[in-house]
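Participant: Structure file input-v8.txt (compact mmCIF, C-alpha atoms) is given on the next line.
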```txt
# COMPACT_ATOMS: atom_id res chain seq x y z
CA MET A 556 84.99 98.50 150.29
CA TYR A 557 88.31 96.79 149.59
CA ILE A 558 90.82 98.37 147.17
CA SER A 559 93.61 96.35 145.55
CA ASP A 560 96.23 96.77 142.81
CA ARG A 561 98.16 93.56 143.52
CA PHE A 562 97.98 92.18 140.00
CA GLU A 563 99.74 92.68 136.69
CA SER A 564 99.73 96.34 135.57
CA GLY A 565 98.01 97.37 138.80
CA ASN A 566 98.75 100.89 140.03
CA ILE A 567 97.09 102.73 142.91
CA GLU A 568 97.84 103.72 146.51
CA LEU A 569 95.14 104.04 149.18
CA VAL A 570 95.45 107.31 151.11
CA GLU A 571 92.35 107.15 153.30
CA ALA A 572 88.79 105.94 153.48
CA VAL A 573 86.49 108.89 154.16
CA SER A 574 83.52 106.53 154.46
CA ASP A 575 82.58 102.99 153.46
CA HIS A 576 82.18 104.06 149.81
CA HIS A 577 84.31 107.20 149.54
CA VAL A 578 88.08 106.69 149.24
CA ARG A 579 91.04 108.91 148.45
CA LEU A 580 93.80 107.48 146.29
CA ARG A 581 97.13 108.32 144.67
CA ILE A 582 98.77 107.05 141.49
CA ARG A 583 102.20 105.48 142.02
CA LYS A 584 105.16 106.81 140.00
CA ASP A 585 106.80 104.77 137.24
CA SER A 586 109.77 102.58 138.17
CA ASN A 587 112.86 104.72 138.82
CA SER A 588 111.11 107.74 137.30
CA ASP A 589 108.84 110.70 138.04
CA PHE A 590 106.34 109.90 135.24
CA PHE A 591 102.85 108.83 136.32
CA GLN A 592 99.32 108.79 134.92
CA TRP A 593 98.37 105.14 134.43
CA PHE A 594 96.08 103.70 137.11
CA TYR A 595 94.43 100.30 137.43
CA PHE A 596 92.72 98.97 140.55
CA ARG A 597 89.93 96.71 141.81
CA ALA A 598 87.14 97.69 144.21
CA THR A 599 85.19 94.96 146.05
CA GLY A 600 82.06 95.20 148.20
CA VAL A 601 80.46 97.91 146.09
CA CYS A 602 77.29 96.45 144.55
CA ASP A 603 74.39 98.91 144.13
CA THR A 604 76.21 101.66 146.04
CA LEU A 605 77.28 105.04 144.69
CA CYS A 606 81.06 104.94 145.04
CA HIS A 607 83.22 108.07 145.04
CA PHE A 608 86.91 107.67 144.22
CA GLU A 609 89.23 110.70 144.44
CA ILE A 610 92.71 110.53 142.87
CA LEU A 611 94.42 113.28 144.81
CA ASN A 612 97.65 113.65 142.81
CA ALA A 613 96.09 113.81 139.32
CA GLY A 614 97.08 117.47 139.11
CA GLU A 615 100.75 116.50 139.51
CA SER A 616 100.68 113.81 136.80
CA SER A 617 102.68 113.84 133.59
CA TYR A 618 99.91 115.12 131.30
CA THR A 619 97.26 117.08 133.21
CA LYS A 620 95.57 118.10 129.93
CA GLY A 621 94.71 114.43 129.63
CA TRP A 622 92.17 114.73 132.44
CA GLU A 623 90.11 117.43 130.72
CA GLY A 624 87.05 115.80 129.14
CA TYR A 625 88.29 112.37 130.21
CA ARG A 626 86.17 109.49 131.53
CA ALA A 627 87.67 106.49 133.34
CA CYS A 628 87.27 102.92 132.07
CA ALA A 629 85.53 100.23 134.12
CA SER A 630 84.81 96.52 133.76
CA TYR A 631 83.05 93.73 135.63
CA ASP A 632 84.85 90.90 133.81
CA ARG A 633 88.11 92.55 132.52
CA GLU A 634 86.96 91.72 129.01
CA THR A 635 84.28 94.29 128.26
CA TRP A 636 85.14 97.88 129.27
CA PHE A 637 82.87 100.92 129.49
CA ARG A 638 83.22 104.58 130.50
CA VAL A 639 82.01 105.91 133.86
CA PRO A 640 81.28 109.49 135.07
CA THR A 641 84.55 111.28 135.80
CA SER A 642 85.42 114.89 136.65
CA TYR A 643 88.63 116.86 137.17
CA THR A 644 88.58 119.84 139.54
CA ASN A 645 91.35 121.59 141.46
CA GLY A 646 93.87 118.89 140.59
CA ILE A 647 91.70 116.00 141.80
CA LEU A 648 90.26 113.35 139.48
CA SER A 649 86.91 112.07 140.77
CA ILE A 650 85.18 108.88 139.61
CA ASP A 651 81.52 108.39 140.59
CA HIS A 652 79.95 105.04 139.78
CA THR A 653 77.25 102.72 141.09
CA PRO A 654 78.42 99.17 140.25
CA GLU A 655 75.89 96.46 139.41
CA VAL A 656 78.02 93.69 140.96
CA ASP A 657 80.22 93.22 144.03
CA THR A 658 83.56 93.75 142.24
CA VAL A 659 84.57 96.25 139.57
CA TRP A 660 87.87 97.12 137.91
CA TYR A 661 88.85 100.69 137.04
CA ALA A 662 91.67 101.74 134.70
CA TYR A 663 93.05 104.69 132.78
CA PHE A 664 92.36 102.77 129.57
CA ALA A 665 91.34 99.19 128.78
CA PRO A 666 94.34 97.10 129.96
CA TYR A 667 96.09 94.57 127.75
CA SER A 668 97.73 91.80 129.75
CA TYR A 669 101.03 90.04 129.12
CA ASP A 670 99.13 86.74 128.99
CA ARG A 671 97.04 88.14 126.17
CA HIS A 672 100.27 89.17 124.41
CA LEU A 673 101.54 85.58 124.77
CA ASP A 674 98.24 84.30 123.38
CA LEU A 675 98.68 86.62 120.39
CA ILE A 676 102.17 85.24 119.75
CA SER A 677 100.97 81.64 120.08
CA ARG A 678 97.95 82.23 117.86
CA SER A 679 100.17 83.78 115.20
CA ILE A 680 102.54 80.80 115.24
CA SER A 681 99.76 78.20 115.13
CA THR A 682 97.95 80.03 112.31
CA GLY A 683 101.20 80.24 110.38
CA LEU A 684 101.68 76.50 110.86
CA ARG A 685 98.14 75.79 109.67
CA TYR A 686 98.42 77.91 106.53
CA GLY A 687 102.18 78.06 106.03
CA ASN A 688 102.17 75.76 103.02
CA SER A 689 99.21 77.52 101.47
CA ALA A 690 99.52 80.31 98.95
CA ARG A 691 96.71 82.02 100.82
CA LEU A 692 99.05 83.02 103.69
CA VAL A 693 101.94 84.33 101.66
CA GLY A 694 105.27 83.27 103.17
CA GLY A 695 103.85 82.11 106.50
CA VAL A 696 104.83 83.42 109.95
CA LYS A 697 108.07 83.17 111.91
CA HIS A 698 108.72 83.97 115.56
CA GLU A 699 112.05 85.18 116.95
CA VAL A 700 113.31 86.40 120.32
CA LEU A 701 115.52 89.41 119.64
CA GLY A 702 116.92 89.72 123.15
CA THR A 703 115.74 90.37 126.68
CA THR A 704 114.50 93.32 128.73
CA VAL A 705 115.97 94.79 131.92
CA ASP A 706 113.84 92.25 133.85
CA LEU A 707 114.97 89.50 131.41
CA ALA A 708 111.62 89.14 129.65
CA PRO A 709 111.90 88.04 125.99
CA MET A 710 111.54 90.60 123.21
CA ASP A 711 109.18 88.93 120.73
CA LEU A 712 109.32 89.53 116.97
CA LEU A 713 106.84 88.18 114.42
CA VAL A 714 107.90 88.05 110.76
CA PHE A 715 105.23 87.77 108.07
CA GLY A 716 106.28 86.79 104.55
CA GLU A 717 109.58 85.89 102.93
CA PRO A 718 112.28 88.33 101.77
CA GLY A 719 112.65 88.54 98.02
CA GLU A 720 113.96 90.67 95.19
CA ARG A 721 112.27 94.12 95.11
CA LYS A 722 110.23 93.30 98.22
CA ARG A 723 109.69 96.15 100.68
CA THR A 724 110.67 95.85 104.34
CA VAL A 725 107.93 97.09 106.67
CA TRP A 726 108.26 97.44 110.44
CA PHE A 727 105.56 97.90 113.09
CA ILE A 728 106.46 98.41 116.75
CA GLY A 729 104.03 99.10 119.56
CA ARG A 730 103.75 100.12 123.18
CA GLN A 731 107.14 101.65 123.81
CA HIS A 732 105.13 103.50 126.47
CA PRO A 733 103.52 100.68 128.47
CA GLY A 734 100.49 102.65 129.68
CA GLU A 735 99.44 103.27 126.07
CA THR A 736 97.55 100.01 125.76
CA GLN A 737 95.81 101.26 122.61
CA ALA A 738 98.93 100.06 120.81
CA SER A 739 98.45 96.46 121.92
CA TRP A 740 94.79 96.42 120.89
CA TRP A 741 95.80 97.92 117.52
CA MET A 742 98.50 95.27 117.10
CA GLU A 743 96.00 92.49 117.80
CA GLY A 744 93.71 93.77 115.06
CA MET A 745 96.49 94.40 112.54
CA ILE A 746 98.09 90.99 113.12
CA GLY A 747 94.68 89.36 112.87
CA ARG A 748 94.31 90.76 109.37
CA LEU A 749 97.78 89.64 108.32
CA LEU A 750 96.93 86.14 109.56
CA ASP A 751 93.62 85.98 107.68
CA PRO A 752 94.13 83.99 104.44
CA GLY A 753 90.80 85.34 103.20
CA ASP A 754 91.89 88.97 103.50
CA ALA A 755 92.75 90.18 100.01
CA VAL A 756 94.47 93.33 101.28
CA SER A 757 96.88 91.47 103.56
CA ARG A 758 97.62 88.90 100.82
CA SER A 759 98.49 91.73 98.46
CA ILE A 760 100.79 93.35 101.05
CA LEU A 761 102.63 90.09 101.76
CA GLU A 762 103.19 89.50 98.06
CA ASP A 763 105.12 92.78 97.90
CA ALA A 764 106.61 93.13 101.38
CA VAL A 765 108.02 91.39 104.44
CA VAL A 766 106.39 92.67 107.64
CA TYR A 767 108.32 92.70 110.92
CA VAL A 768 106.20 93.23 114.04
CA VAL A 769 107.25 93.87 117.65
CA PRO A 770 103.82 93.91 119.33
CA LEU A 771 105.13 94.79 122.82
CA MET A 772 108.28 96.92 123.10
CA ASN A 773 108.09 97.39 126.87
CA PRO A 774 107.04 94.19 128.69
CA ASP A 775 108.62 95.27 131.99
CA GLY A 776 106.82 98.59 132.16
CA ALA A 777 103.54 96.93 131.19
CA ARG A 778 103.82 94.35 133.96
CA ARG A 779 104.85 96.96 136.56
CA GLY A 780 101.95 99.34 135.82
CA ASN A 781 104.12 102.14 134.42
CA LEU A 782 102.94 104.91 132.12
CA ARG A 783 106.06 105.63 130.04
CA THR A 784 109.18 103.85 131.28
CA ASN A 785 110.81 100.46 131.48
CA ALA A 786 112.16 98.82 134.65
CA ALA A 787 115.26 101.04 134.61
CA GLY A 788 113.21 104.23 134.35
CA ALA A 789 114.07 104.80 130.67
CA ASN A 790 111.58 106.35 128.26
CA LEU A 791 112.30 103.97 125.38
CA ASN A 792 111.16 106.50 122.79
CA ARG A 793 114.08 108.73 123.78
CA GLU A 794 116.72 105.99 123.54
CA TRP A 795 117.04 105.32 119.80
CA LEU A 796 120.17 107.35 119.10
CA SER A 797 122.37 105.62 121.70
CA PRO A 798 120.65 102.80 123.61
CA SER A 799 122.58 100.90 126.27
CA PRO A 800 122.35 97.31 127.57
CA GLU A 801 121.87 98.56 131.12
CA ARG A 802 119.23 101.21 130.45
CA SER A 803 117.45 100.28 127.20
CA PRO A 804 118.25 96.75 125.96
CA GLU A 805 114.76 96.63 124.39
CA VAL A 806 115.68 99.35 121.89
CA MET A 807 119.18 97.92 121.36
CA CYS A 808 117.94 94.54 120.14
CA VAL A 809 115.19 95.93 117.89
CA ARG A 810 117.55 98.50 116.40
CA ALA A 811 120.14 95.78 115.70
CA LYS A 812 117.56 93.72 113.80
CA MET A 813 116.51 96.77 111.79
CA MET A 814 120.13 97.30 110.78
CA GLN A 815 120.16 93.73 109.46
CA THR A 816 116.91 93.95 107.50
CA GLY A 817 116.83 97.60 106.46
CA VAL A 818 113.59 99.59 106.68
CA ASP A 819 111.39 101.00 103.89
CA VAL A 820 108.35 101.80 106.05
CA CYS A 821 108.06 102.01 109.84
CA MET A 822 105.09 102.74 112.08
CA ASP A 823 105.51 103.22 115.84
CA VAL A 824 102.10 102.84 117.53
CA HIS A 825 101.20 105.02 120.56
CA GLY A 826 98.38 106.65 122.54
CA ASP A 827 97.98 110.37 123.24
CA GLU A 828 96.66 111.69 126.54
CA ALA A 829 95.33 115.11 125.55
CA LEU A 830 94.07 115.09 121.94
CA PRO A 831 90.80 113.19 121.31
CA TYR A 832 91.73 112.30 117.74
CA VAL A 833 93.58 109.68 115.69
CA PHE A 834 96.57 111.24 113.93
CA ILE A 835 100.11 110.66 112.72
CA ALA A 836 103.31 112.46 113.70
CA GLY A 837 105.98 112.26 111.02
CA ALA A 838 109.70 112.87 110.66
CA GLU A 839 109.57 116.17 108.76
CA GLY A 840 112.31 117.73 110.91
CA ILE A 841 115.13 115.27 110.14
CA PRO A 842 118.30 116.77 108.57
CA SER A 843 118.20 114.49 105.50
CA LEU A 844 114.49 114.84 104.68
CA SER A 845 113.92 114.03 101.01
CA GLU A 846 111.17 114.99 98.56
CA ARG A 847 110.33 111.31 98.25
CA GLN A 848 109.69 110.99 102.01
CA VAL A 849 107.40 114.03 101.93
CA HIS A 850 105.59 112.70 98.86
CA ASP A 851 105.15 109.22 100.34
CA ARG A 852 103.78 110.63 103.59
CA GLY A 853 101.17 112.66 101.71
CA ILE A 854 100.05 109.62 99.72
CA PHE A 855 99.90 107.51 102.89
CA ASP A 856 97.71 110.06 104.70
CA GLU A 857 95.28 110.29 101.79
CA ALA A 858 95.02 106.51 101.53
CA LEU A 859 94.48 106.03 105.26
CA MET A 860 91.73 108.68 105.39
CA LYS A 861 89.93 106.85 102.58
CA ALA A 862 90.36 103.49 104.31
CA ASN A 863 89.35 104.52 107.83
CA SER A 864 87.23 107.50 108.80
CA ASP A 865 88.67 107.57 112.35
CA PHE A 866 91.93 108.92 110.90
CA GLN A 867 92.25 112.67 110.23
CA THR A 868 94.96 115.28 109.56
CA LYS A 869 93.40 118.48 110.95
CA TYR A 870 94.45 117.89 114.57
CA GLY A 871 97.86 116.66 115.71
CA TYR A 872 101.28 117.78 116.91
CA PRO A 873 102.94 120.91 115.48
CA GLN A 874 105.32 120.08 112.63
CA THR A 875 108.97 120.10 113.66
CA PRO A 876 111.04 122.78 111.85
CA PRO A 877 113.56 121.54 109.24
CA GLY A 878 116.68 120.06 110.80
CA LYS A 879 115.30 120.23 114.35
CA ALA A 880 114.09 116.64 114.75
CA ASN A 881 114.90 114.81 117.96
CA LEU A 882 116.87 111.82 116.67
CA THR A 883 116.51 109.98 119.98
CA ILE A 884 112.87 109.32 118.96
CA CYS A 885 112.19 106.13 116.97
CA THR A 886 110.34 107.73 114.06
CA SER A 887 113.04 110.36 113.47
CA TRP A 888 115.96 107.95 113.94
CA VAL A 889 114.50 105.41 111.49
CA ALA A 890 113.70 108.08 108.88
CA GLU A 891 117.18 109.59 109.15
CA THR A 892 119.05 106.25 109.22
CA PHE A 893 117.21 104.43 106.43
CA GLY A 894 115.58 107.19 104.39
CA ALA A 895 112.31 105.41 105.21
CA LEU A 896 108.71 106.56 105.40
CA SER A 897 108.62 106.57 109.20
CA MET A 898 105.59 107.56 111.29
CA THR A 899 104.18 107.62 114.81
CA LEU A 900 100.51 106.65 115.00
CA GLU A 901 98.69 108.30 117.92
CA MET A 902 95.30 107.18 119.24
CA PRO A 903 93.33 108.90 122.03
CA PHE A 904 92.84 107.88 125.67
CA LYS A 905 89.62 109.90 125.50
CA ASP A 906 86.68 109.00 123.29
CA ASN A 907 87.31 110.00 119.67
CA ALA A 908 85.84 113.49 119.23
CA ASN A 909 85.00 112.68 115.61
```
Would you put the structure from the file into structure tokens?

Facilitator:
Amino acid sequence: MYISDRFESGNIELVEAVSDHHVRLRIRKDSNSDFFQWFYFRATGVCDTLCHFEILNAGESSYTKGWEGYRACASYDRETWFRVPTSYTNGILSIDHTPEVDTVWYAYFAPYSYDRHLDLISRSISTGLRYGNSARLVGGVKHEVLGTTVDLAPMDLLVFGEPGERKRTVWFIGRQHPGETQASWWMEGMIGRLLDPGDAVSRSILEDAVVYVVPLMNPDGARRGNLRTNAAGANLNREWLSPSPERSPEVMCVRAKMMQTGVDVCMDVHGDEALPYVFIAGAEGIPSLSERQVHDRGIFDEALMKANSDFQTKYGYPQTPPGKANLTICTSWVAETFGALSMTLEMPFKDNAN
């Protein structure tokens, strides 16, 4: 067996080979940080053999509750992913799998590559060009670079629709935490609907709103195989109150654009390690919480439950007491700064229990 993580988003360290098909591994920590949970590696020379992988430091990871009831993801082609038998005992995560081919890829969740992100940007631009002069794609699509990351990667923004009198300003940002690849898959689906001139719902939205989308907030962390931080070791979702060019330029440039456009609605898209449900965390604890924000959140929840049965409100995070919100978090900062309906969408690393 040959183990490798020398590719984009790869993360594993080989500790020892107990036998030809039994290896002990460790997850590498995030850049300049103690966070770790994301893993992604390739095993070669494994066809038709029961392989046993032990991740020895799982019990020291950032969210050990995430391992309970969890099953690792595997793929033969890095396109189609499936779950494999996984157990967590005495702080060790064990993966047992008999591959059908010579090479298999294992990951904490289905990865989403930077190349795929670039394809999404290019596809959005080309679709906007194709339909830009058609009333079917209201307002077309624009692409901007808001700034650069710590590693000097571009921060991509897609703008759908044209500003106008009484039009709402809607923001979507995703993958502040790079290991939460659910956010990128969600962005791909959401953008696909906005780009579909035959989608009556998206046409209606773009008639009444301009939609600003940052599909990938943390390109550096995604490339480096981090769980939560950027190249400087910053958890971007704790940088919104006072970002700095040295530590969190990603948040600085997005925040600056929001100050230009204003925000009526904002959704920050994430993944949750422990809870096997789709849910939303709101901004109920901000000092300036208004009745309108509470009312709008209730209407949004009801509408989303009707539109998609994966969403539910029974399970989620405890509600923050009044005035106790952490304003370094995006959702709280946006709600407090703009009086917006601001929300964090959480999706599970585990299979949806519903």

Participant: Have a look at A:Gly734, A:Pro718, A:Gly565, A:Pro774 and name the one nearest to His672 of chain A; count only C-alpha atoms.

Facilitator: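 Of A:Gly734, A:Pro718, A:Gly565, A:Pro774, the one nearest His672 of chain A is A:Pro774, counting only C-alpha atoms.
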
Participant: Considering all atoms listed in the file, state which residue in the set A:Glu901, A:Glu839, A:Asp906, A:Glu794 is at the smallest distance from Cys885 of chain A.

Facilitator: A:Glu794

Participant: Skipping near chain neighbours, those fewer than 4 positions away, what residues fall within 9 Å of segment 696-708 of chain A using only C-alpha atoms, listed as a PDB file with C-alpha atoms, in the frame of the given file?

Facilitator:
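Output file out34.pdb follows:
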```pdb
ATOM      1  CA  ILE A 676     102.170  85.240 119.750  1.00  0.00           C
ATOM      2  CA  SER A 679     100.170  83.780 115.200  1.00  0.00           C
ATOM      3  CA  ILE A 680     102.540  80.800 115.240  1.00  0.00           C
ATOM      4  CA  SER A 681      99.760  78.200 115.130  1.00  0.00           C
ATOM      5  CA  THR A 682      97.950  80.030 112.310  1.00  0.00           C
ATOM      6  CA  GLY A 683     101.200  80.240 110.380  1.00  0.00           C
ATOM      7  CA  LEU A 684     101.680  76.500 110.860  1.00  0.00           C
ATOM      8  CA  GLY A 687     102.180  78.060 106.030  1.00  0.00           C
ATOM      9  CA  LEU A 692      99.050  83.020 103.690  1.00  0.00           C
ATOM     10  CA  LEU A 712     109.320  89.530 116.970  1.00  0.00           C
ATOM     11  CA  LEU A 713     106.840  88.180 114.420  1.00  0.00           C
ATOM     12  CA  VAL A 714     107.900  88.050 110.760  1.00  0.00           C
ATOM     13  CA  PHE A 715     105.230  87.770 108.070  1.00  0.00           C
ATOM     14  CA  GLY A 716     106.280  86.790 104.550  1.00  0.00           C
ATOM     15  CA  GLU A 717     109.580  85.890 102.930  1.00  0.00           C
ATOM     16  CA  LEU A 750      96.930  86.140 109.560  1.00  0.00           C
ATOM     17  CA  ASN A 773     108.090  97.390 126.870  1.00  0.00           C
ATOM     18  CA  PRO A 774     107.040  94.190 128.690  1.00  0.00           C
ATOM     19  CA  ASP A 775     108.620  95.270 131.990  1.00  0.00           C
ATOM     20  CA  ASN A 785     110.810 100.460 131.480  1.00  0.00           C
ATOM     21  CA  ALA A 786     112.160  98.820 134.650  1.00  0.00           C
ATOM     22  CA  ALA A 787     115.260 101.040 134.610  1.00  0.00           C
ATOM     23  CA  PRO A 800     122.350  97.310 127.570  1.00  0.00           C
ATOM     24  CA  GLU A 801     121.870  98.560 131.120  1.00  0.00           C
ATOM     25  CA  ARG A 802     119.230 101.210 130.450  1.00  0.00           C
ATOM     26  CA  SER A 803     117.450 100.280 127.200  1.00  0.00           C
ATOM     27  CA  PRO A 804     118.250  96.750 125.960  1.00  0.00           C
ATOM     28  CA  GLU A 805     114.760  96.630 124.390  1.00  0.00           C
ATOM     29  CA  MET A 807     119.180  97.920 121.360  1.00  0.00           C
ATOM     30  CA  CYS A 808     117.940  94.540 120.140  1.00  0.00           C
ATOM     31  CA  VAL A 809     115.190  95.930 117.890  1.00  0.00           C
ATOM     32  CA  ALA A 811     120.140  95.780 115.700  1.00  0.00           C
ATOM     33  CA  LYS A 812     117.560  93.720 113.800  1.00  0.00           C
TER      34      LYS A 812
END
```

Participant: Could you give me the centre and size, in Å to one decimal, of an axis-aligned box around all listed atoms of segment 700-708 of chain A with 3 Å added on every side, as lines of an AutoDock Vina configuration file?

Facilitator:
```
center_x = 114.3
center_y = 90.6
center_z = 126.7
size_x = 11.3
size_y = 14.4
size_z = 20.2
```

Participant: Report as a PyMOL selection string all protein, DNA and RNA residues lying within 10 Å of Ser617 of chain A, evaluated on only C-alpha atoms, omitting residues in the same chain fewer than 4 positions from it.

Facilitator: chain A and resi 584+589-593+613+621+782-783+828

Participant: To one decimal place in Å, what is the distance between atom CA of Leu648 of chain A and atom CA of Arg561 of chain A?

Facilitator: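 Atom CA of Arg561 of chain A lies at a distance of 21.7 Å from atom CA of Leu648 of chain A.
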
Participant: Could you tell me which of A:Val765, A:Arg678, A:Val824, A:Ile854 comes closest to Trp741 of chain A if we count all atoms listed in the file?

Facilitator: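 Closest to Trp741 of chain A, using all atoms listed in the file: A:Val824.
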
Participant: Between atom CA of Thr736 of chain A and atom CA of Ile567 of chain A, what is the spacing in Å?

Facilitator: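 Atom CA of Thr736 of chain A lies at a distance of 17.4 Å from atom CA of Ile567 of chain A.
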
Participant: Quick one: of A:Ala627, A:Leu673, A:Val656, A:Ala665, who's nearest to Ser642 of chain A, counting all atoms listed in the file?

Facilitator: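 Among the listed residues, the smallest separation from Ser642 of chain A belongs to A:Ala627.
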
Participant: Could you list, as a PyMOL selection string, every residue within 8 Å of Thr886 of chain A, counting all atoms listed in the file and ignoring same-chain residues fewer than 4 positions away?

Facilitator: chain A and resi 821-823+837-838+890+897-899

Participant: Which is closest to Ile884 of chain A among A:Tyr872, A:Phe866, A:Trp795, A:Tyr631, if we use all atoms listed in the file?

Facilitator: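 Smallest separation from Ile884 of chain A among the options: A:Trp795.
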
Participant: What is the atom CA of Ser649 of chain A-atom CA of Arg626 of chain A distance in Å, reported with one decimal?

Facilitator: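 Value for the atom CA of Ser649 of chain A-atom CA of Arg626 of chain A distance: 9.6 Å.
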
Participant: Will you give me segment 821-828 of chain A, written with all heavy atoms and laid out as a compact mmCIF listing (two decimals), in the first residue's frame?

Facilitator:
```
# COMPACT_ATOMS: atom_id res chain seq x y z
N CYS A 821 -28.54 38.36 4.16
CA CYS A 821 -27.23 37.72 4.03
C CYS A 821 -27.32 36.29 4.53
O CYS A 821 -27.89 36.03 5.59
CB CYS A 821 -26.18 38.49 4.84
SG CYS A 821 -24.52 37.75 4.77
N MET A 822 -26.75 35.36 3.77
CA MET A 822 -26.63 33.99 4.23
C MET A 822 -25.18 33.55 4.12
O MET A 822 -24.56 33.65 3.05
CB MET A 822 -27.53 33.04 3.44
CG MET A 822 -27.42 31.60 3.92
SD MET A 822 -28.66 30.52 3.19
CE MET A 822 -30.10 30.97 4.16
N ASP A 823 -24.62 33.08 5.23
CA ASP A 823 -23.26 32.56 5.32
C ASP A 823 -23.38 31.04 5.40
O ASP A 823 -23.99 30.51 6.33
CB ASP A 823 -22.60 33.15 6.57
CG ASP A 823 -21.18 32.68 6.77
OD1 ASP A 823 -20.58 32.18 5.81
OD2 ASP A 823 -20.65 32.84 7.90
N VAL A 824 -22.79 30.33 4.43
CA VAL A 824 -23.05 28.90 4.26
C VAL A 824 -21.91 28.07 4.86
O VAL A 824 -20.73 28.28 4.53
CB VAL A 824 -23.26 28.56 2.78
CG1 VAL A 824 -23.70 27.09 2.63
CG2 VAL A 824 -24.29 29.49 2.16
N HIS A 825 -22.26 27.11 5.73
CA HIS A 825 -21.29 26.33 6.51
C HIS A 825 -21.67 24.86 6.55
O HIS A 825 -22.72 24.44 6.07
CB HIS A 825 -21.23 26.85 7.95
CG HIS A 825 -20.51 28.16 8.11
ND1 HIS A 825 -19.25 28.25 8.63
CD2 HIS A 825 -20.89 29.42 7.82
CE1 HIS A 825 -18.87 29.52 8.66
NE2 HIS A 825 -19.85 30.25 8.17
N GLY A 826 -20.79 24.06 7.22
CA GLY A 826 -21.08 22.68 7.55
C GLY A 826 -20.88 22.48 9.05
O GLY A 826 -20.02 23.13 9.66
N ASP A 827 -21.66 21.59 9.65
CA ASP A 827 -21.55 21.32 11.08
C ASP A 827 -21.09 19.89 11.29
O ASP A 827 -21.63 18.95 10.70
CB ASP A 827 -22.89 21.55 11.79
CG ASP A 827 -22.77 21.30 13.28
OD1 ASP A 827 -22.32 22.22 13.98
OD2 ASP A 827 -23.11 20.19 13.73
N GLU A 828 -20.11 19.73 12.19
CA GLU A 828 -19.50 18.43 12.43
C GLU A 828 -20.40 17.47 13.20
O GLU A 828 -20.42 16.27 12.92
CB GLU A 828 -18.18 18.61 13.20
CG GLU A 828 -17.05 19.23 12.40
CD GLU A 828 -17.18 20.74 12.26
OE1 GLU A 828 -18.06 21.33 12.92
OE2 GLU A 828 -16.40 21.33 11.49
```
